[in-house]
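The next block holds one structure in the form of structure tokens; read it before the comments.
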Amino acid sequence: MPTTVTVIRDGGVRARGYRDGDAIVYDWGFTWQGVDYQQRSFVLLDTGFQINQPVIMPKQQRGWWYCDLVRVVDNGHTVHVDDHWIDVIVGPPDHPYRVLDLDEYADAIATGDIDTVTGIDGLRRTQMFLDRHLNRRHDTRRDSWPDFPPGAIAALAALPITPQWELLDK
């Protein structure tokens, strides 16, 4: 049975969410090009990745997933989630996934925005996320991903969308 949590996204959004095991779902919103949108995001606590199907993806990529490496600070009832540069775009199983922004991640380490220990941890968590959910190893099938969308979000994905969120002053 999911339990209620508060998610703080990038220090700028506070949203009600639900936790089920090692996964959290929360609904939030934003304005882009003068239009208000509602977005559902999932946090995978075991790998520290946040995933969603962006509502503003180009038409030909609707239904694709955008996955972000995040720093997670889990205080029980409140979970802080902060983007940590590395992104993975996941389309249909017959398309390759794309890893983005490794250069920005390297720059963050080089400039001291994240320390070396945190940088190493993020690279290891990214590899763990790819291996658990997307890498096929010797499997030649191209009609499904090994575990994507992750089975850990199935029960949460079935919950109705009930956005309760607010913008925070950064």
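Chains: A, B, ... in order of the structure tokens. Residues: from 1 per chain. Ligands: from 1, in order shown.
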May I have the residues within 10 Å of range 36-38 of chain A as a CSV table (one decimal) with N, CA and C atoms, in the first residue's frame, using only C-alpha atoms and disregarding those fewer than 2 positions away in the same chain?
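Result saved to part_23.csv:
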chain,number,residue,atom,x,y,z
A,27,ASP,N,3.0,14.1,-8.9
A,27,ASP,CA,2.5,14.9,-10.0
A,27,ASP,C,2.8,16.4,-9.8
A,28,TRP,N,3.2,17.1,-10.8
A,28,TRP,CA,3.5,18.5,-10.6
A,28,TRP,C,3.2,19.2,-11.9
A,29,GLY,N,3.4,20.5,-11.9
A,29,GLY,CA,3.1,21.3,-13.1
A,29,GLY,C,4.1,22.4,-13.5
A,30,PHE,N,4.0,22.9,-14.7
A,30,PHE,CA,4.9,24.0,-15.1
A,30,PHE,C,4.2,24.7,-16.3
A,31,THR,N,4.7,25.9,-16.5
A,31,THR,CA,4.2,26.6,-17.7
A,31,THR,C,5.3,26.7,-18.7
A,32,TRP,N,5.0,26.4,-19.9
A,32,TRP,CA,6.0,26.5,-21.0
A,32,TRP,C,5.3,27.1,-22.2
A,33,GLN,N,6.0,28.1,-22.7
A,33,GLN,CA,5.4,28.9,-23.9
A,33,GLN,C,4.0,29.3,-23.6
A,34,GLY,N,3.7,29.8,-22.4
A,34,GLY,CA,2.4,30.3,-22.1
A,34,GLY,C,1.3,29.3,-21.8
A,40,ARG,N,3.8,13.9,-14.6
A,40,ARG,CA,3.9,12.8,-13.6
A,40,ARG,C,5.4,12.3,-13.7
A,54,PRO,N,7.8,13.0,-20.8
A,54,PRO,CA,7.5,14.4,-20.9
A,54,PRO,C,6.3,14.8,-21.8
A,55,VAL,N,5.5,15.7,-21.2
A,55,VAL,CA,4.3,16.1,-21.9
A,55,VAL,C,4.6,17.0,-23.0
A,56,ILE,N,5.8,17.5,-23.1
A,56,ILE,CA,6.2,18.5,-24.1
A,56,ILE,C,7.2,17.9,-25.1
A,161,ILE,N,-4.0,10.5,-11.4
A,161,ILE,CA,-3.2,11.7,-11.3
A,161,ILE,C,-4.0,12.7,-10.5
A,162,THR,N,-3.3,13.2,-9.4
A,162,THR,CA,-3.9,14.1,-8.4
A,162,THR,C,-2.9,15.2,-8.1
A,163,PRO,N,-2.6,16.1,-9.0
A,163,PRO,CA,-1.6,17.1,-8.7
A,163,PRO,C,-1.9,18.0,-7.5
Quick one: contact table of range 74-164 of chain A to range 42-53 of chain A, 9 Å max, nearest atom pair and distance in Å to one decimal per residue, counting only C-alpha atoms, chain and number order, as a Markdown table?
| residue | atom | partner | partner_atom | distance |
| --- | --- | --- | --- | --- |
| A:Asp74 | CA | A:Leu45 | CA | 8.8 |
| A:Val81 | CA | A:Val43 | CA | 8.2 |
| A:Asp83 | CA | A:Gln50 | CA | 8.5 |
| A:Gly122 | CA | A:Gly48 | CA | 8.4 |
| A:Arg125 | CA | A:Thr47 | CA | 5.4 |
| A:Thr126 | CA | A:Thr47 | CA | 7.4 |
| A:Met128 | CA | A:Thr47 | CA | 6.7 |
| A:Phe129 | CA | A:Thr47 | CA | 5.9 |
| A:Pro149 | CA | A:Ile51 | CA | 8.9 |
| A:Pro150 | CA | A:Leu44 | CA | 8.8 |
| A:Ala152 | CA | A:Leu44 | CA | 7.9 |
| A:Ile153 | CA | A:Phe42 | CA | 7.2 |
| A:Leu156 | CA | A:Phe42 | CA | 8.4 |
| A:Ala157 | CA | A:Phe42 | CA | 8.5 |
Next item on the list: Point out the residue among A:Asp139, A:Asp87, A:Asp10, A:Asp101 with the least atom-to-atom distance to Lys170 in chain A, counting only C-alpha atoms.
Entry: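 Of A:Asp139, A:Asp87, A:Asp10, A:Asp101, the one nearest Lys170 in chain A is A:Asp10, counting only C-alpha atoms.
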Next item on the list: Compile the contact shell of Asn75 in chain A as a list in words: residues with an atom at most 12 Å away, counting only C-alpha atoms, same-chain residues fewer than 5 positions apart removed.
Entry: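 Once the nearby chain positions are removed, what remains is Val5, Thr6, Val7, Ile8, His80 and Val81 of chain A.
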Next item on the list: Rank nothing, just name the residue among A:Val25, A:Val79, A:Cys67, A:Ile89 nearest to Gly11 in chain A, using only C-alpha atoms.
Entry: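 Result for the nearest residue to Gly11 in chain A: A:Val79.
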Margin query: Just checking: using only C-alpha atoms, which residue out of A:Ala110, A:Leu159, A:Asp68, A:Arg62 ends up closest to Asp20 in chain A?
Written below: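 Using only C-alpha atoms, the shortest distance to Asp20 in chain A belongs to A:Leu159.
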Check: Distance CA of Gln39 in chain A-CA of Tyr66 in chain A, one decimal place?
Finding: 11.9 Å
Checklist line | Atomic separation - CA of Ser144 in chain A relative to CA of Arg124 in chain A, Å | finding: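 Atom-to-atom, CA of Arg124 in chain A to CA of Ser144 in chain A, that is 24.2 Å.
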Check: Which one is closest to Leu100 in chain A: A:Arg71, A:Arg14, A:His84, A:Arg142? Count only C-alpha atoms.
Finding: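 The shortest atom-to-atom distance to Leu100 in chain A comes from A:His84.
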